[in-house]
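Novice: The structure under discussion is supplied below as structure tokens; questions concerning it will follow.
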Amino acid sequence: MPDPYETATYYDAEDAEAYVHETPESAIEAYLDMYMTPGCDAAKVIAECGQITVLAHRRRDVTDGWVRNQARALTESLIEAWGEEFGNTDGSTFDEFTDAQVTKAEEDLVPWIRETIGHAVVWQCEKVAERTYSADEVLAMMRVSRPEWFEKEGGNK
């Protein structure tokens, strides 16, 4: 079974209101960037920040239960609208449809709902894991992903 942390969709080093970081390194960079100033000693900033916890998030799944509930709601709405527009004046619209017909209508809607929502993007995410990196691990990561942070003026390291 794959590691949920490694297969997450988004990462953040603080509670996110918008998920934008697709790698742990990017999340850590953004977190550290809040503390970086022009000409600062990046290694010192990282040491002062200490360990950093990165939260891993993935998009929520659209469950079969949710899809079936939508099919049920659409069927009920359709039957109600039918009754208001074309039904018997005594209000017995639901009596015009058998349980089997209602169930079949719901089942027929499920693939259509799945296909329709398949064109949309799920934006809600859920936390699936977290990992805490030591200052030494963060330093090693940033030396690879952000080497310019460690260059002294004049190009010397």
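All residue names refer to the structure tokens as shown: chains lettered A, B, ... in order, residues numbered from 1 in each chain, ligands numbered from 1 in order.
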Quick one: everything within 7 Å of A:Val110, counting only C-alpha atoms, minus sequence neighbours fewer than 3 positions away in the same chain. Send it as a PyMOL selection string.
Specialist: chain A and resi 67-68+71+106-107+113-114
Novice: Taking the DSSP assignment computed from this structure's backbone, write out as a ChimeraX atom specification all residues of stretch 28-142 of chain A that belong to alpha helix (DSSP H).
Specialist: /A:28-33,42-49,64-86,99-117,135-142
Novice: Got time to write the residues from that selection, C-alpha atoms, as an mmCIF file, in the first residue's frame?
Specialist:
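Wrote it out as result.cif, contents follow:
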data_model
loop_
_atom_site.group_PDB
_atom_site.id
_atom_site.type_symbol
_atom_site.label_atom_id
_atom_site.label_comp_id
_atom_site.auth_asym_id
_atom_site.auth_seq_id
_atom_site.Cartn_x
_atom_site.Cartn_y
_atom_site.Cartn_z
ATOM 1 C CA ILE A 28 8.852 24.278 3.368
ATOM 2 C CA GLU A 29 10.239 26.943 1.014
ATOM 3 C CA ALA A 30 7.074 29.010 1.396
ATOM 4 C CA TYR A 31 7.156 28.621 5.168
ATOM 5 C CA LEU A 32 10.807 29.646 5.410
ATOM 6 C CA ASP A 33 10.318 32.509 2.969
ATOM 7 C CA ALA A 42 19.636 31.064 5.288
ATOM 8 C CA ALA A 43 21.299 28.320 7.347
ATOM 9 C CA LYS A 44 20.894 30.418 10.478
ATOM 10 C CA VAL A 45 17.208 31.121 9.704
ATOM 11 C CA ILE A 46 16.596 27.399 9.194
ATOM 12 C CA ALA A 47 18.380 26.563 12.464
ATOM 13 C CA GLU A 48 16.297 29.176 14.307
ATOM 14 C CA CYS A 49 13.058 27.791 12.851
ATOM 15 C CA ASP A 64 -20.879 6.047 -4.049
ATOM 16 C CA GLY A 65 -23.161 6.948 -1.140
ATOM 17 C CA TRP A 66 -23.024 10.636 -2.048
ATOM 18 C CA VAL A 67 -23.751 9.877 -5.707
ATOM 19 C CA ARG A 68 -26.674 7.608 -4.768
ATOM 20 C CA ASN A 69 -28.088 10.294 -2.458
ATOM 21 C CA GLN A 70 -27.975 12.773 -5.342
ATOM 22 C CA ALA A 71 -29.741 10.263 -7.617
ATOM 23 C CA ARG A 72 -32.426 9.806 -4.972
ATOM 24 C CA ALA A 73 -32.851 13.572 -4.533
ATOM 25 C CA LEU A 74 -33.048 14.167 -8.293
ATOM 26 C CA THR A 75 -35.618 11.411 -8.690
ATOM 27 C CA GLU A 76 -37.747 12.799 -5.866
ATOM 28 C CA SER A 77 -37.460 16.301 -7.302
ATOM 29 C CA LEU A 78 -38.457 15.076 -10.758
ATOM 30 C CA ILE A 79 -41.484 13.187 -9.411
ATOM 31 C CA GLU A 80 -42.549 16.241 -7.411
ATOM 32 C CA ALA A 81 -42.141 18.536 -10.431
ATOM 33 C CA TRP A 82 -44.067 16.014 -12.551
ATOM 34 C CA GLY A 83 -46.870 16.052 -10.039
ATOM 35 C CA GLU A 84 -47.045 19.833 -9.937
ATOM 36 C CA GLU A 85 -47.022 20.162 -13.719
ATOM 37 C CA PHE A 86 -48.778 17.053 -14.976
ATOM 38 C CA ASP A 99 -41.135 1.478 -6.047
ATOM 39 C CA ALA A 100 -39.438 -0.481 -8.834
ATOM 40 C CA GLN A 101 -39.757 2.483 -11.231
ATOM 41 C CA VAL A 102 -38.336 4.885 -8.655
ATOM 42 C CA THR A 103 -35.456 2.525 -7.866
ATOM 43 C CA LYS A 104 -34.690 2.043 -11.574
ATOM 44 C CA ALA A 105 -34.734 5.811 -12.155
ATOM 45 C CA GLU A 106 -32.258 6.278 -9.298
ATOM 46 C CA GLU A 107 -29.996 3.499 -10.620
ATOM 47 C CA ASP A 108 -30.128 4.953 -14.139
ATOM 48 C CA LEU A 109 -29.031 8.357 -12.826
ATOM 49 C CA VAL A 110 -25.927 7.057 -11.014
ATOM 50 C CA PRO A 111 -23.696 6.657 -14.116
ATOM 51 C CA TRP A 112 -24.901 9.997 -15.495
ATOM 52 C CA ILE A 113 -24.065 11.749 -12.211
ATOM 53 C CA ARG A 114 -20.644 10.062 -12.105
ATOM 54 C CA GLU A 115 -19.909 11.144 -15.677
ATOM 55 C CA THR A 116 -21.142 14.680 -15.077
ATOM 56 C CA ILE A 117 -19.131 15.252 -11.898
ATOM 57 C CA ALA A 135 16.467 21.500 10.948
ATOM 58 C CA ASP A 136 19.313 19.429 9.463
ATOM 59 C CA GLU A 137 16.907 17.685 7.056
ATOM 60 C CA VAL A 138 15.384 21.027 6.075
ATOM 61 C CA LEU A 139 18.840 22.489 5.508
ATOM 62 C CA ALA A 140 19.794 19.579 3.228
ATOM 63 C CA MET A 141 16.508 19.864 1.315
ATOM 64 C CA MET A 142 16.848 23.609 0.812
#
